[in-house]
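Student: Got a file for you: target-v6.cif, mmCIF, C-alpha atoms.
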data_start
loop_
_atom_site.label_atom_id
_atom_site.label_comp_id
_atom_site.auth_asym_id
_atom_site.auth_seq_id
_atom_site.Cartn_x
_atom_site.Cartn_y
_atom_site.Cartn_z
CA MET P 1 -2.50 10.30 -9.58
CA LEU P 2 0.13 9.36 -12.14
CA VAL P 3 1.47 5.78 -12.22
CA VAL P 4 4.48 5.10 -14.46
CA GLU P 5 5.08 1.36 -14.60
CA ASP P 6 6.02 -0.82 -17.58
CA GLU P 7 4.70 -4.08 -16.10
CA ARG P 8 1.02 -3.95 -16.98
CA SER P 9 -0.07 -6.35 -14.22
CA ILE P 10 1.59 -4.19 -11.56
CA ALA P 11 0.24 -0.97 -13.08
CA ASP P 12 -3.28 -2.45 -13.12
CA LEU P 13 -2.95 -3.58 -9.49
CA VAL P 14 -1.77 -0.17 -8.30
CA LYS P 15 -4.52 1.54 -10.31
CA LEU P 16 -7.15 -0.81 -8.84
CA TYR P 17 -6.20 -0.04 -5.23
CA LEU P 18 -5.85 3.70 -5.80
CA THR P 19 -9.20 3.82 -7.62
CA ARG P 20 -10.86 1.97 -4.73
CA ASP P 21 -9.66 4.79 -2.48
CA GLY P 22 -11.23 7.41 -4.71
CA TYR P 23 -8.23 8.60 -6.74
CA GLY P 24 -8.31 9.26 -10.44
CA VAL P 25 -5.38 7.39 -11.99
CA HIS P 26 -3.49 7.91 -15.25
CA VAL P 27 -1.02 5.20 -16.30
CA GLU P 28 2.05 5.51 -18.52
CA THR P 29 4.38 2.64 -19.40
CA ASP P 30 7.65 4.38 -20.25
CA GLY P 31 9.78 7.22 -18.92
CA VAL P 32 9.28 9.65 -21.79
CA GLY P 33 5.50 9.31 -21.62
CA GLY P 34 5.60 9.55 -17.83
CA LEU P 35 7.60 12.78 -17.88
CA ALA P 36 5.28 14.32 -20.48
CA ALA P 37 2.20 13.25 -18.49
CA ALA P 38 3.61 14.69 -15.25
CA ARG P 39 4.19 18.04 -16.93
CA ARG P 40 0.82 18.00 -18.73
CA LEU P 41 -1.50 16.63 -16.04
CA ARG P 42 0.06 18.11 -12.87
CA PRO P 43 -0.92 15.07 -10.76
CA VAL P 44 -1.17 15.21 -6.97
CA ALA P 45 1.56 12.54 -6.80
CA CYS P 46 3.62 10.27 -9.07
CA VAL P 47 4.32 6.58 -8.51
CA LEU P 48 7.46 5.90 -10.57
CA ASP P 49 9.06 2.59 -11.40
CA ILE P 50 12.83 2.99 -11.70
CA GLY P 51 13.51 0.42 -14.44
CA LEU P 52 11.50 2.07 -17.20
CA PRO P 53 12.09 1.90 -20.96
CA GLY P 54 13.28 5.09 -22.63
CA ILE P 55 14.47 7.04 -19.61
CA ASP P 56 14.39 5.49 -16.15
CA GLY P 57 12.43 6.72 -13.17
CA THR P 58 15.37 8.44 -11.50
CA GLU P 59 15.93 10.52 -14.64
CA VAL P 60 12.23 11.41 -14.76
CA CYS P 61 12.42 12.59 -11.15
CA ARG P 62 15.65 14.51 -11.79
CA ARG P 63 14.16 16.36 -14.76
CA LEU P 64 11.02 17.23 -12.83
CA ARG P 65 13.05 18.65 -9.94
CA GLU P 66 15.38 20.55 -12.25
CA GLY P 67 12.30 22.12 -13.83
CA GLY P 68 11.03 23.28 -10.44
CA ASP P 69 8.29 20.63 -10.26
CA TRP P 70 8.05 19.36 -6.66
CA THR P 71 5.11 16.99 -7.17
CA PRO P 72 5.47 14.21 -4.58
CA VAL P 73 7.28 11.19 -6.04
CA ILE P 74 7.14 7.64 -4.69
CA PHE P 75 9.58 5.22 -6.30
CA LEU P 76 8.28 1.70 -6.86
CA THR P 77 11.06 -0.66 -7.87
CA ALA P 78 12.60 -4.10 -7.62
CA ARG P 79 15.95 -2.56 -6.62
CA ASP P 80 16.48 -3.02 -2.89
CA GLU P 81 20.11 -2.04 -2.45
CA GLU P 82 20.70 0.81 -0.01
CA VAL P 83 22.63 2.77 -2.61
CA ASP P 84 19.58 2.73 -4.92
CA ARG P 85 17.32 3.97 -2.14
CA VAL P 86 19.75 6.72 -1.21
CA VAL P 87 20.18 7.87 -4.82
CA GLY P 88 16.42 8.02 -5.23
CA LEU P 89 15.96 10.10 -2.10
CA GLU P 90 18.84 12.37 -3.00
CA LEU P 91 17.14 13.13 -6.30
CA GLY P 92 14.17 14.47 -4.38
CA ALA P 93 11.87 11.46 -4.08
CA ASP P 94 9.50 11.50 -1.11
CA ASP P 95 9.39 7.75 -0.48
CA TYR P 96 10.65 4.44 -1.80
CA VAL P 97 8.71 1.14 -1.97
CA THR P 98 10.35 -2.08 -3.14
CA LYS P 99 8.83 -5.01 -5.03
CA PRO P 100 7.27 -7.32 -4.06
CA PHE P 101 5.02 -4.97 -2.14
CA SER P 102 1.69 -4.78 -0.39
CA PRO P 103 -0.75 -2.63 -2.42
CA ARG P 104 -2.36 -1.53 0.84
CA GLU P 105 0.97 -0.40 2.23
CA LEU P 106 1.72 1.49 -1.00
CA VAL P 107 -1.61 3.32 -0.79
CA ALA P 108 -0.98 4.07 2.89
CA ARG P 109 2.41 5.55 2.07
CA ILE P 110 0.95 7.63 -0.75
CA LYS P 111 -1.66 8.97 1.66
CA ALA P 112 1.08 9.79 4.18
CA VAL P 113 2.98 11.74 1.51
CA LEU P 114 -0.18 13.60 0.51
CA ARG P 115 -0.92 14.47 4.13
CA ARG P 116 2.54 15.94 4.39
CA THR P 117 1.99 17.90 1.19
CA SER P 118 -1.41 19.33 2.09
CA GLY P 119 -1.47 18.88 5.83
CA PRO P 120 -3.98 20.42 8.24
CA PRO P 121 -4.81 24.12 7.99
CA VAL P 122 -1.77 26.02 9.19
CA ALA P 123 -2.53 29.56 8.02
CA ALA P 124 -2.80 30.76 11.62
CA GLU P 125 0.67 29.51 12.54
CA SER P 126 3.28 32.22 12.81
CA PRO P 127 6.64 31.99 11.04
CA ARG P 128 9.36 30.51 13.22
CA SER P 129 13.08 31.20 13.19
CA VAL P 130 16.17 29.38 14.37
CA GLY P 131 19.40 31.24 13.77
CA VAL P 132 19.38 32.63 10.23
CA VAL P 133 16.66 30.20 9.07
CA THR P 134 13.02 31.33 8.95
CA LEU P 135 10.16 28.96 8.16
CA ASP P 136 6.61 30.06 7.33
CA PRO P 137 4.21 27.11 7.89
CA GLY P 138 1.21 28.80 6.30
CA ARG P 139 2.97 29.71 3.07
CA ARG P 140 5.29 26.68 3.21
CA ARG P 141 8.32 28.81 2.49
CA VAL P 142 11.82 28.78 3.96
CA HIS P 143 14.45 31.51 3.93
CA ALA P 144 18.08 31.26 4.98
CA ASP P 145 19.63 34.63 5.77
CA GLY P 146 16.96 36.23 3.57
CA VAL P 147 17.45 33.87 0.61
CA GLU P 148 14.50 31.62 -0.28
CA VAL P 149 15.28 27.89 -0.22
CA ALA P 150 13.33 25.43 -2.38
CA LEU P 151 12.53 22.24 -0.44
CA THR P 152 10.49 19.18 -1.29
CA SER P 153 7.34 18.66 0.79
CA THR P 154 9.10 16.03 2.90
CA GLU P 155 12.19 18.18 3.41
CA PHE P 156 9.98 21.09 4.46
CA ASP P 157 8.06 18.98 6.97
CA LEU P 158 11.25 17.55 8.42
CA LEU P 159 12.70 21.03 8.94
CA ALA P 160 9.38 22.32 10.32
CA HIS P 161 9.22 19.47 12.82
CA LEU P 162 12.75 20.15 14.06
CA MET P 163 12.17 23.92 14.23
CA GLN P 164 8.89 23.53 16.11
CA ARG P 165 10.86 22.81 19.29
CA PRO P 166 14.33 24.34 18.93
CA GLY P 167 16.94 22.60 21.04
CA ARG P 168 14.84 19.47 21.49
CA VAL P 169 16.68 16.36 20.24
CA PHE P 170 14.57 14.02 18.11
CA THR P 171 15.60 10.43 17.51
CA ARG P 172 15.54 9.09 13.96
CA GLU P 173 12.68 6.78 14.94
CA GLU P 174 10.64 9.72 16.25
CA LEU P 175 11.22 11.65 13.04
CA LEU P 176 10.20 8.66 10.90
CA GLY P 177 6.97 8.31 12.84
CA SER P 178 6.12 12.03 12.96
CA VAL P 179 7.25 13.19 9.52
CA TRP P 180 6.97 10.09 7.34
CA GLY P 181 4.10 8.53 9.25
CA TYR P 182 5.42 4.99 9.48
CA ALA P 183 7.47 2.85 11.81
CA ALA P 184 11.21 2.55 12.18
CA HIS P 185 11.38 -0.74 10.27
CA ALA P 186 11.23 1.40 7.13
CA GLY P 187 14.86 2.34 7.79
CA THR P 188 16.32 5.33 9.58
CA ARG P 189 18.74 5.91 6.70
CA THR P 190 15.83 7.77 5.07
CA VAL P 191 16.07 10.41 7.81
CA ASP P 192 19.84 10.79 7.40
CA VAL P 193 19.55 11.33 3.65
CA HIS P 194 16.83 13.95 4.00
CA VAL P 195 18.73 15.79 6.73
CA ALA P 196 21.77 15.89 4.45
CA GLN P 197 19.62 17.24 1.63
CA VAL P 198 18.13 19.99 3.78
CA ARG P 199 21.53 20.96 5.15
CA GLY P 200 22.97 21.14 1.66
CA LYS P 201 20.17 23.38 0.38
CA LEU P 202 20.33 25.65 3.42
CA GLY P 203 24.11 25.84 3.10
CA ASP P 204 23.85 26.82 -0.55
CA ALA P 205 21.81 29.84 0.54
CA SER P 206 23.90 30.74 3.59
CA PRO P 207 26.94 29.01 5.12
CA LEU P 208 25.59 29.71 8.62
CA ALA P 209 22.27 28.03 7.83
CA ARG P 210 23.83 24.60 7.20
CA ASP P 211 24.64 24.17 10.89
CA VAL P 212 21.16 25.05 12.17
CA ILE P 213 20.39 21.31 12.03
CA ARG P 214 22.81 19.70 14.46
CA THR P 215 23.61 16.00 14.80
CA VAL P 216 23.59 14.63 18.34
CA ARG P 217 25.80 11.59 18.07
CA GLY P 218 24.11 8.35 19.02
CA VAL P 219 20.72 10.04 19.44
CA GLY P 220 19.40 12.00 16.47
CA TYR P 221 18.96 15.60 15.31
CA THR P 222 18.00 18.99 16.66
CA ALA P 223 17.44 22.47 15.28
CA ASP P 224 19.38 24.97 17.32
CA GLU P 225 21.12 28.34 17.20
CA VAL P 226 24.49 28.24 15.50
CA SER P 227 27.26 28.67 18.02
CA PRO P 228 29.48 31.71 17.41
#
Would you encode the structure as structure tokens?
Tutor:
Amino acid sequence: MLVVEDERSIADLVKLYLTRDGYGVHVETDGVGGLAAARRLRPVACVLDIGLPGIDGTEVCRRLREGGDWTPVIFLTARDEEVDRVVGLELGADDYVTKPFSPRELVARIKAVLRRTSGPPVAAESPRSVGVVTLDPGRRRVHADGVEVALTSTEFDLLAHLMQRPGRVFTREELLGSVWGYAAHAGTRTVDVHVAQVRGKLGDASPLARDVIRTVRGVGYTADEVSP
């Protein structure tokens, strides 16, 4: 586990709780060192402060994603404005925890992200298709009209959950509980941002694929065949 946090007391606290749960933890205190460590160590997940010296956490995440590194990222920051949360998620972060925080909740969220990344054995599951989008649970790969689409682990699990029951409408609260693993008080805006991200990536591969995820106004989202 990589923790990038410039406040030593917070870094030590996070390390203490993660170590108690059996994780090996490497700590960096600035963005440049954090980016180098992420590339060198290939951690199972990164806990990134946003307000880091050198380059900030959002830039670290952006550079990792641009380089094709989809290691789960959890932002840990004092910034609590919605725009900051949305920007972080749009950059490809998997979760967002604000200070002050409960160390136990942080560890629980990290575990939830790791469960989504590894998940239960799914090799026996057959690929599923909705419209021009095909999802292979075992190989964790998505294709839109034959073009492979690179998704984060959370984006993949969101799409997989919707495609598991095509036509079934899921509320934002249901998706938060099933995909993210925590209650609706975390904020349903998280779901909206991730849906927009998945739609954008599918649409980049195939214009028809963007509309496979359909918004049901006042309710939530569904994966369904694109109407002619």
Student: Could you please determine the separation between atom CA of P:Leu2 and atom CA of P:His26 in Å, to one decimal place?
Tutor: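 So the answer is 5.0 Å.
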Student: To one decimal place in Å, what is the distance between atom CA of P:Ala144 and atom CA of P:Ala205?
Tutor: 6.0 Å
Student: Apply the PyMOL selection byres ((chain P and resi 72-76) around 6) to the file shown and report the selected residues as number ranges by chain.
Tutor: P: 45-49, 71, 77, 93-98
Student: Which neighbours of P:Thr188 fall inside 10 Å, counting all atoms listed in the file, when residues of the same chain fewer than 5 positions from it are skipped, and could you give them as a list in words?
Tutor: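 Using all atoms listed in the file, the neighbours found are Thr171, Arg172, Glu173, Glu174, Leu175, Leu176, Ala183 and Val193 of chain P.
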Student: Do you know which residues the PyMOL selection byres ((chain P and resi 127) around 12) returns on this file, as number ranges by chain?
Tutor: P: 122-126, 128-130, 133-143, 160, 163-164
Student: Using all atoms listed in the file, find the one residue out of P:Gly67, P:Glu28, P:Lys111, P:Ile55 that sits nearest to P:Leu41.
Tutor: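 Using all atoms listed in the file, the shortest distance to P:Leu41 belongs to P:Glu28.
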Student: Find the distance between atom CA of P:Gly200 and atom CA of P:His161 and write it in Å to one decimal.
Tutor: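 These two atoms are separated by 17.8 Å.
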Student: Please determine, counting only C-alpha atoms, which residue among P:Asp56, P:Asp211, P:Asp224, P:Glu105 has the shortest atom-to-atom distance to P:Ala196.
Tutor: P:Asp211
Student: Rank nothing, just name the residue among P:Asp145, P:Glu5, P:Asp192, P:Asp157 nearest to P:Leu114, using only C-alpha atoms.
Tutor: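 Of the candidates, the smallest distance to P:Leu114 is held by P:Asp157.
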Student: Nearest to P:Leu151 among P:Leu35, P:Val132, P:Val27, P:Val198, with distances taken over only C-alpha atoms: which residue is it?
Tutor: P:Val198
Student: Can you tell me, as a list in words, what residues are no more than 12 Å from P:Glu59 when counting all atoms listed in the file, ignoring any on the same chain fewer than 3 positions away?
Tutor: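 Contacts, with the query itself left out: Asp30, Gly31, Val32, Gly34, Leu35, Leu48, Asp49, Ile50, Gly51, Leu52, Pro53, Gly54, Ile55, Asp56, Arg62, Arg63, Leu64, Arg65, Glu66, Phe75, Val87, Gly88, Leu91, Gly92 and Ala93 of chain P.
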Student: Could you list, as a VMD selection string, every residue within 7 Å of P:Leu162, counting all atoms listed in the file and ignoring same-chain residues fewer than 3 positions away?
Tutor: chain P and resid 158 to 159 165 to 166 222 to 223
Student: Please produce a file of those selected residues containing C-alpha atoms, as a PDB file, keeping the file's coordinate frame.
Tutor:
ATOM      1  CA  LEU P 158      11.250  17.550   8.420  1.00  0.00           C
ATOM      2  CA  LEU P 159      12.700  21.030   8.940  1.00  0.00           C
ATOM      3  CA  ARG P 165      10.860  22.810  19.290  1.00  0.00           C
ATOM      4  CA  PRO P 166      14.330  24.340  18.930  1.00  0.00           C
ATOM      5  CA  THR P 222      18.000  18.990  16.660  1.00  0.00           C
ATOM      6  CA  ALA P 223      17.440  22.470  15.280  1.00  0.00           C
TER       7      ALA P 223
END
Student: Evaluating the PyMOL selection byres ((chain P and resi 18) around 10) on the displayed file yields which residues, as a list in words?
Tutor: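 Applied to this file, the PyMOL selection byres ((chain P and resi 18) around 10) selects Met1, Val3, Asp12, Leu13, Val14, Lys15, Leu16, Tyr17, Thr19, Arg20, Asp21, Gly22, Tyr23, Gly24, Val25, Pro103, Arg104, Leu106, Val107, Ala108 and Ile110 of chain P.
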Student: Tell me which of P:Asp69, P:Glu225, P:Glu155, P:Asp6 sits closest to P:Gly131, counting only C-alpha atoms.
Tutor: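 Using only C-alpha atoms, P:Gly131 sits closest to P:Glu225.
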Student: Considering all atoms listed in the file, can you say which of P:Val147, P:Gly68, P:Ala11, P:Phe101 comes closest to P:Arg39?
Tutor: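 For P:Arg39, the nearest of the candidates is P:Gly68.
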